[in-house]
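**Q** My structure is stored as final_25.cif, with mmCIF, C-alpha atoms and all ligand atoms.
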data_start
#
loop_
_atom_site.label_atom_id
_atom_site.label_comp_id
_atom_site.auth_asym_id
_atom_site.auth_seq_id
_atom_site.Cartn_x
_atom_site.Cartn_y
_atom_site.Cartn_z
CA LEU A 1 82.69 -24.65 -31.07
CA GLU A 2 81.97 -22.46 -34.06
CA PRO A 3 83.72 -23.70 -37.23
CA LEU A 4 87.39 -22.98 -36.60
CA GLU A 5 89.71 -21.47 -39.13
CA LEU A 6 92.74 -20.05 -37.36
CA VAL A 7 94.50 -17.50 -39.51
CA ASP A 8 98.26 -17.91 -39.17
CA GLN A 9 99.15 -14.66 -40.85
CA LEU A 10 98.54 -11.32 -39.10
CA VAL A 11 96.37 -9.24 -41.40
CA ARG A 12 96.09 -5.55 -40.82
CA HIS A 13 96.14 -2.55 -43.06
CA MET A 14 99.47 -0.82 -43.63
CA PRO A 15 100.09 1.98 -46.16
CA PRO A 16 102.03 0.73 -49.21
CA SER A 17 105.67 1.84 -49.42
CA PRO A 18 106.61 4.30 -52.19
CA ARG A 19 107.56 2.60 -55.44
CA PRO A 20 108.83 3.66 -58.90
CA SER A 21 106.13 4.55 -61.41
CA ASP A 22 107.11 2.38 -64.41
CA PRO A 23 105.89 -1.17 -63.77
CA SER A 24 107.66 -2.63 -66.81
CA SER A 25 111.23 -1.77 -65.86
CA PRO A 26 112.53 -3.13 -62.55
CA SER A 27 115.64 -1.25 -61.41
CA LEU A 28 118.57 -3.65 -61.35
CA PRO A 29 121.52 -2.49 -59.28
CA ALA A 30 124.96 -4.12 -59.27
CA SER A 31 124.99 -7.73 -58.17
CA MET A 32 127.58 -10.17 -56.87
CA PRO A 33 128.68 -12.99 -59.20
CA GLU A 34 128.35 -16.47 -57.68
CA ALA A 35 128.67 -20.07 -58.87
CA SER A 36 125.75 -21.44 -60.86
CA SER A 37 123.46 -24.13 -59.44
CA ARG A 38 121.90 -25.00 -62.80
CA PHE A 39 121.61 -28.53 -64.06
CA GLY A 40 120.22 -28.20 -67.57
CA PRO A 41 121.28 -26.08 -70.57
CA ARG A 42 119.73 -22.62 -70.65
CA GLU A 43 119.21 -20.01 -73.32
CA PRO A 44 120.45 -16.59 -72.18
CA ALA A 45 117.73 -14.22 -70.98
CA GLY A 46 116.98 -11.38 -73.38
CA SER A 47 118.60 -13.13 -76.33
CA GLY A 48 115.31 -13.79 -78.08
CA GLY A 49 115.37 -17.32 -76.64
CA ARG A 50 113.01 -18.37 -73.88
CA ALA A 51 114.60 -17.41 -70.59
CA LEU A 52 114.09 -20.74 -68.75
CA ALA A 53 114.22 -23.15 -71.70
CA GLY A 54 115.30 -26.63 -70.63
CA GLN A 55 114.99 -25.87 -66.90
CA LYS A 56 113.03 -27.86 -64.34
CA VAL A 57 111.18 -25.43 -62.07
CA VAL A 58 109.34 -26.43 -58.89
CA ILE A 59 106.91 -23.91 -57.38
CA THR A 60 104.82 -24.11 -54.21
CA ALA A 61 101.53 -22.20 -54.08
CA GLY A 62 98.45 -21.62 -51.99
CA PRO A 63 97.82 -22.25 -48.31
CA THR A 64 98.29 -25.42 -46.33
CA ARG A 65 95.60 -26.82 -44.05
CA GLU A 66 96.48 -28.34 -40.71
CA ALA A 67 93.75 -30.49 -39.19
CA ILE A 68 92.39 -29.76 -35.72
CA ASP A 69 89.78 -32.50 -36.00
CA PRO A 70 88.17 -34.19 -39.02
CA VAL A 71 86.15 -31.05 -39.92
CA ARG A 72 88.29 -28.11 -38.77
CA PHE A 73 91.70 -26.81 -39.72
CA ILE A 74 94.31 -24.07 -39.31
CA SER A 75 94.94 -22.18 -42.54
CA ASN A 76 95.40 -18.69 -44.02
CA ARG A 77 94.07 -16.39 -46.73
CA SER A 78 96.35 -17.41 -49.63
CA SER A 79 94.37 -17.90 -52.84
CA GLY A 80 97.26 -19.44 -54.79
CA ARG A 81 97.06 -16.69 -57.45
CA MET A 82 100.68 -15.52 -57.09
CA GLY A 83 102.12 -19.04 -57.26
CA TYR A 84 99.89 -20.09 -60.16
CA ALA A 85 100.84 -16.91 -62.07
CA LEU A 86 104.52 -17.77 -61.52
CA ALA A 87 103.94 -21.30 -62.76
CA GLU A 88 102.30 -19.93 -65.90
CA ALA A 89 105.10 -17.39 -66.46
CA ALA A 90 107.83 -20.01 -65.95
CA CYS A 91 106.04 -22.27 -68.43
CA GLU A 92 105.85 -19.41 -70.96
CA ALA A 93 109.59 -18.93 -70.40
CA GLY A 94 110.17 -22.50 -71.60
CA ALA A 95 110.55 -24.33 -68.30
CA GLU A 96 109.19 -27.73 -67.32
CA VAL A 97 107.06 -26.66 -64.36
CA VAL A 98 105.84 -28.68 -61.38
CA LEU A 99 103.36 -26.76 -59.23
CA ILE A 100 102.86 -28.13 -55.75
CA SER A 101 99.63 -26.63 -54.56
CA GLY A 102 97.70 -26.40 -51.35
CA PRO A 103 93.89 -26.24 -51.61
CA THR A 104 92.82 -23.47 -54.04
CA ALA A 105 89.92 -22.83 -56.41
CA LEU A 106 92.23 -22.29 -59.39
CA PRO A 107 92.68 -24.48 -62.46
CA ALA A 108 96.23 -25.63 -63.25
CA PRO A 109 97.86 -23.39 -65.87
CA LYS A 110 98.17 -25.07 -69.27
CA GLY A 111 101.33 -27.15 -69.64
CA VAL A 112 102.03 -27.21 -65.89
CA THR A 113 102.11 -30.42 -63.83
CA ARG A 114 100.15 -29.82 -60.63
CA ILE A 115 100.52 -31.93 -57.51
CA ASP A 116 97.78 -31.33 -54.93
CA VAL A 117 98.60 -31.43 -51.24
CA GLU A 118 96.82 -30.33 -48.10
CA THR A 119 99.28 -30.15 -45.19
CA ALA A 120 102.77 -28.71 -44.75
CA LEU A 121 104.16 -32.22 -44.23
CA GLN A 122 102.57 -33.37 -47.50
CA MET A 123 103.93 -30.27 -49.27
CA ARG A 124 107.42 -30.97 -47.94
CA ALA A 125 107.30 -34.60 -49.11
CA ALA A 126 106.05 -33.58 -52.57
CA VAL A 127 108.77 -30.93 -52.92
CA LEU A 128 111.57 -33.28 -51.85
CA GLU A 129 110.30 -35.89 -54.30
CA GLN A 130 110.81 -33.35 -57.12
CA MET A 131 114.43 -32.65 -56.19
CA PRO A 132 116.84 -32.05 -57.76
CA CYS A 133 115.61 -29.24 -59.97
CA ASP A 134 117.11 -26.08 -61.45
CA LEU A 135 114.90 -23.48 -59.79
CA PHE A 136 112.70 -23.64 -56.70
CA ILE A 137 110.22 -20.85 -55.89
CA ALA A 138 108.40 -21.02 -52.56
CA THR A 139 105.26 -18.93 -52.95
CA ALA A 140 103.06 -21.04 -50.67
CA ALA A 141 101.83 -19.68 -47.37
CA VAL A 142 102.81 -22.76 -45.40
CA ALA A 143 101.30 -22.94 -41.91
CA ASP A 144 104.17 -22.44 -39.49
CA TYR A 145 102.44 -24.65 -36.89
CA ARG A 146 100.15 -27.67 -36.88
CA ALA A 147 98.04 -29.20 -34.14
CA ALA A 148 100.18 -31.49 -31.99
CA GLU A 149 97.41 -34.04 -31.70
CA PRO A 150 94.51 -33.61 -34.13
CA ALA A 151 91.35 -35.04 -32.52
CA PRO A 152 90.17 -38.29 -34.16
CA GLY A 153 86.51 -37.22 -33.83
CA LYS A 154 84.72 -33.84 -34.05
CA ILE A 155 85.53 -31.81 -30.94
CA LYS A 156 82.38 -31.26 -28.90
CA LYS A 157 81.27 -27.86 -27.61
CA SER A 158 81.36 -28.66 -23.90
CA ALA A 159 84.11 -26.77 -22.02
CA ASP A 160 84.08 -22.92 -21.89
CA GLU A 161 87.72 -22.81 -22.87
CA LEU A 162 89.70 -25.00 -25.16
CA GLU A 163 93.48 -25.20 -25.45
CA LEU A 164 95.09 -26.23 -28.67
CA ARG A 165 98.75 -27.31 -28.56
CA LEU A 166 100.69 -26.52 -31.71
CA VAL A 167 104.01 -27.84 -32.94
CA LYS A 168 106.30 -26.25 -35.53
CA ASN A 169 106.15 -27.43 -39.12
CA PRO A 170 109.41 -28.07 -41.00
CA ASP A 171 110.59 -25.13 -43.10
CA ILE A 172 110.46 -26.45 -46.67
CA LEU A 173 112.27 -23.48 -48.17
CA SER A 174 115.19 -23.70 -45.71
CA GLU A 175 115.48 -27.41 -46.33
CA VAL A 176 115.75 -26.96 -50.10
CA ALA A 177 118.20 -24.06 -49.74
CA SER A 178 120.41 -26.21 -47.47
CA ARG A 179 120.88 -28.97 -50.04
CA ASP A 180 124.49 -29.72 -50.88
CA PRO A 181 125.17 -28.39 -54.41
CA HIS A 182 127.79 -31.08 -55.07
CA THR A 183 126.15 -34.23 -53.75
CA GLU A 184 122.40 -33.45 -53.67
CA GLY A 185 121.84 -30.80 -56.35
CA ARG A 186 120.79 -27.46 -54.97
CA PRO A 187 118.40 -25.39 -57.10
CA PHE A 188 118.54 -21.61 -57.45
CA THR A 189 116.25 -20.96 -54.50
CA VAL A 190 113.74 -18.12 -54.30
CA GLY A 191 111.59 -17.45 -51.24
CA PHE A 192 108.80 -15.03 -50.47
CA ALA A 193 108.45 -12.91 -47.34
CA ALA A 194 104.95 -11.90 -46.28
CA GLU A 195 105.24 -9.14 -43.71
CA THR A 196 102.88 -6.66 -42.06
CA ASP A 197 105.68 -4.37 -40.86
CA HIS A 198 109.45 -3.80 -41.22
CA VAL A 199 109.06 -5.56 -44.56
CA LEU A 200 112.59 -5.16 -45.91
CA GLU A 201 114.25 -5.80 -42.56
CA HIS A 202 112.40 -9.10 -42.09
CA ALA A 203 112.90 -10.09 -45.73
CA ARG A 204 116.64 -9.44 -45.54
CA ASP A 205 116.82 -11.52 -42.38
CA LYS A 206 115.01 -14.41 -44.15
CA LEU A 207 117.30 -14.10 -47.20
CA VAL A 208 120.38 -14.54 -45.00
CA ARG A 209 119.02 -16.93 -42.35
CA LYS A 210 117.46 -19.29 -44.91
CA ARG A 211 120.50 -18.97 -47.23
CA LEU A 212 118.40 -18.02 -50.25
CA ASP A 213 119.51 -16.79 -53.65
CA MET A 214 116.63 -14.34 -53.83
CA ILE A 215 113.57 -13.27 -51.84
CA ALA A 216 110.41 -11.46 -52.98
CA ALA A 217 109.05 -9.34 -50.16
CA ASN A 218 105.43 -8.26 -50.04
CA ARG A 219 103.55 -6.19 -47.52
CA VAL A 220 100.47 -8.10 -46.38
CA GLY A 221 97.40 -6.93 -44.55
CA GLU A 222 93.84 -5.96 -45.28
CA GLY A 223 93.50 -5.64 -49.07
CA LEU A 224 97.20 -6.39 -49.64
CA ALA A 225 98.75 -9.40 -51.40
CA PHE A 226 96.74 -12.27 -49.85
CA ASP A 227 93.70 -13.16 -51.98
CA GLN A 228 94.11 -10.04 -54.17
CA PRO A 229 94.35 -9.88 -57.98
CA ASP A 230 97.40 -7.60 -57.75
CA ASN A 231 100.52 -7.25 -55.66
CA ALA A 232 103.78 -5.29 -55.34
CA LEU A 233 107.17 -6.85 -54.62
CA THR A 234 110.59 -5.75 -53.50
CA VAL A 235 113.02 -8.40 -54.67
CA LEU A 236 116.27 -8.82 -52.75
CA TRP A 237 119.36 -10.92 -53.40
CA PRO A 238 122.89 -10.85 -51.97
CA GLY A 239 124.25 -7.51 -53.19
CA GLY A 240 121.18 -6.15 -54.95
CA GLN A 241 117.48 -5.37 -55.03
CA ALA A 242 114.71 -4.41 -57.46
CA GLU A 243 111.25 -2.91 -57.11
CA LEU A 244 108.32 -4.50 -58.95
CA PRO A 245 105.54 -1.94 -58.47
CA LYS A 246 101.90 -2.85 -57.92
CA ALA A 247 100.51 -4.76 -60.89
CA ASP A 248 98.26 -7.66 -61.80
CA LYS A 249 99.86 -10.84 -60.43
CA ARG A 250 100.29 -12.30 -63.93
CA LEU A 251 102.34 -9.31 -65.09
CA LEU A 252 104.27 -9.29 -61.83
CA ALA A 253 105.01 -13.00 -62.22
CA ARG A 254 106.47 -12.46 -65.70
CA GLN A 255 108.68 -9.67 -64.36
CA LEU A 256 109.85 -11.80 -61.45
CA ILE A 257 110.63 -14.77 -63.71
CA GLU A 258 112.66 -12.48 -65.98
CA LEU A 259 114.53 -11.10 -62.98
CA ILE A 260 115.27 -14.60 -61.71
CA ALA A 261 116.52 -15.66 -65.15
CA GLN A 262 118.82 -12.62 -65.29
CA ARG A 263 120.20 -13.43 -61.83
CA ILE A 264 120.82 -17.06 -62.78
CA ASP A 265 122.67 -15.83 -65.88
CA GLN A 266 124.77 -13.38 -63.87
CA ARG A 267 125.78 -16.16 -61.47
CA ALA A 268 126.68 -18.60 -64.27
O1 LIG B 301 98.20 -16.83 -52.81
P1 LIG B 301 97.87 -15.36 -53.01
O2 LIG B 301 96.49 -15.00 -52.51
O3 LIG B 301 98.12 -14.91 -54.44
O4 LIG B 301 98.86 -14.51 -52.09
C1 LIG B 301 100.22 -14.49 -52.39
C2 LIG B 301 101.08 -14.57 -51.11
C3 LIG B 301 100.82 -13.34 -50.25
C4 LIG B 301 100.72 -15.84 -50.32
C5 LIG B 301 102.57 -14.64 -51.59
O5 LIG B 301 102.88 -13.47 -52.29
C6 LIG B 301 103.52 -14.79 -50.41
O6 LIG B 301 103.93 -13.84 -49.76
N1 LIG B 301 103.88 -16.07 -50.11
C7 LIG B 301 104.66 -16.43 -48.90
C8 LIG B 301 103.75 -16.44 -47.71
C9 LIG B 301 104.45 -16.79 -46.44
O7 LIG B 301 104.00 -17.68 -45.74
O8 LIG B 301 105.54 -16.10 -46.16
P2 LIG B 301 106.48 -16.28 -44.85
O9 LIG B 301 107.21 -14.99 -44.73
O10 LIG B 301 105.68 -16.76 -43.66
O11 LIG B 301 107.44 -17.46 -45.27
C10 LIG B 301 108.73 -17.24 -45.81
C11 LIG B 301 109.05 -18.23 -46.88
O12 LIG B 301 109.24 -19.52 -46.31
C12 LIG B 301 107.98 -18.40 -47.97
O13 LIG B 301 108.67 -18.54 -49.20
C13 LIG B 301 107.27 -19.69 -47.59
O14 LIG B 301 106.77 -20.37 -48.74
C14 LIG B 301 108.41 -20.48 -46.95
N2 LIG B 301 108.00 -21.44 -45.90
C15 LIG B 301 107.45 -20.98 -44.74
C16 LIG B 301 107.14 -21.88 -43.73
C17 LIG B 301 107.37 -23.25 -43.93
N3 LIG B 301 107.07 -24.14 -43.00
N4 LIG B 301 107.91 -23.67 -45.09
C18 LIG B 301 108.23 -22.80 -46.08
O15 LIG B 301 108.70 -23.21 -47.14
#
Re-express the file's structure as structure tokens.
**A**
Amino acid sequence: LEPLELVDQLVRHMPPSPRPSDPSSPSLPASMPEASSRFGPREPAGSGGRALAGQKVVITAGPTREAIDPVRFISNRSSGRMGYALAEAACEAGAEVVLISGPTALPAPKGVTRIDVETALQMRAAVLEQMPCDLFIATAAVADYRAAEPAPGKIKKSADELELRLVKNPDILSEVASRDPHTEGRPFTVGFAAETDHVLEHARDKLVRKRLDMIAANRVGEGLAFDQPDNALTVLWPGGQAELPKADKRLLARQLIELIAQRIDQRA
């Protein structure tokens, strides 16, 4: 066998969808008021205070790696940049930030507590250990499947064909979103949707099916989102949506954090 790295995201080039020209002003349509899921006190966004002051924020970032044998794994092209930028922006907004990261080459942003994991199961355990929290953002590209039986030794190149049986990983985001707000503490839960086609349709489906408070949809493919310095997001929530046009991921992260803080305020 050649070194195996199975990419679990389809990557192909798609033209970017048309977006508004001003990157600093996301359009915020009417939204539906809902009960707050906050635990700590919060300064109102836009009041001159820091938008997430006093909040505990848990963010997942980067890829996961699922072992095939001791030297090979299933993974994807996530660099961790988007999640790390969100951790930095949340920290700047006054939050206590725990970043649960798959393998990346990035240093932890200053002031952020980073917990390193490798597999989806490890990421799930680390996330659940940090519950309850006020805000959960799932930016990680978690492998949807893992090898059913990773080989204990390096697989030898003998047979002409090799079958690999995969089993589904637990969906960390769905599990957090399903927490009981009264007995378990459910955070304001934000997911990402990485899609090559029908981006909004798939993102809307994930928002509803996973019972999220918000989802940030990005078109992925060659030169888009994964392992890029910039990105563009369409952010959806029940009753509203906003466009965050293509920008450096650090700027985009600040805009998304501000949008999340506004939504939390509107629901309070
Ligand atoms: O890391 P970068 O190079 O900066 O790239 C950023 C990014 C493209 C990885 C990021 O913007 C992004 O889109 N992250 C989500 C990638 C993804 O796997 O999306 P998905 O549509 O397959 O998953 C939907 C949501 O469920 C995501 O929030 C994901 O974190 C979550 N999930 C998925 C599977 C699983 N087992 N557990 C999960 O929590």
**Q** Contacts between segment 74-81 of chain A and segment 103-174 of chain A, please, where a residue of segment 103-174 of chain A counts if it comes within 10 Å (with all atoms listed in the file); show its shortest atom pair and distance in Å to one decimal, rows by chain and ascending number, as a Markdown table.
**A**
| residue | atom | partner | partner_atom | distance |
| --- | --- | --- | --- | --- |
| A:Pro103 | CA | A:Gly80 | CA | 8.2 |
| A:Thr104 | CA | A:Ser79 | CA | 5.9 |
| A:Ala105 | CA | A:Ser79 | CA | 7.5 |
| A:Leu106 | CA | A:Gly80 | CA | 7.4 |
| A:Thr119 | CA | A:Ser75 | CA | 9.5 |
| A:Thr139 | CA | A:Gly80 | CA | 8.2 |
| A:Ala140 | CA | A:Gly80 | CA | 7.3 |
| A:Ala141 | CA | A:Ser78 | CA | 6.3 |
| A:Val142 | CA | A:Ser75 | CA | 8.4 |
| A:Ala143 | CA | A:Ser75 | CA | 6.4 |
| A:Asp144 | CA | A:Ser75 | CA | 9.7 |
| A:Tyr145 | CA | A:Ile74 | CA | 8.5 |
| A:Arg146 | CA | A:Ile74 | CA | 7.3 |
| A:Ala147 | CA | A:Ile74 | CA | 8.2 |
**Q** For the atom pair atom CA of Ala89 of chain A and atom CA of Leu251 of chain A, what is the interatomic distance in Å to one decimal place?
**A**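 Computed distance, atom CA of Ala89 of chain A to atom CA of Leu251 of chain A, equals 8.6 Å.
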**Q** Pick from A:Arg209, A:Lys249, A:Arg254, A:Arg267: nearest to ligand LIG 301 (chain B), with all atoms listed in the file counted?
**A**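 Once distances to ligand LIG 301 (chain B) are computed over all atoms listed in the file, the minimum belongs to A:Lys249.
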**Q** Find the distance between atom CA of Val58 of chain A and atom CA of Gln266 of chain A and write it in Å to one decimal.
**A** 20.8 Å
**Q** For a test of reading the model, state the distance in Å between atom CA of Ala194 of chain A and atom C14 of ligand LIG 301 (chain B), rounded to one decimal.
**A** 9.3 Å
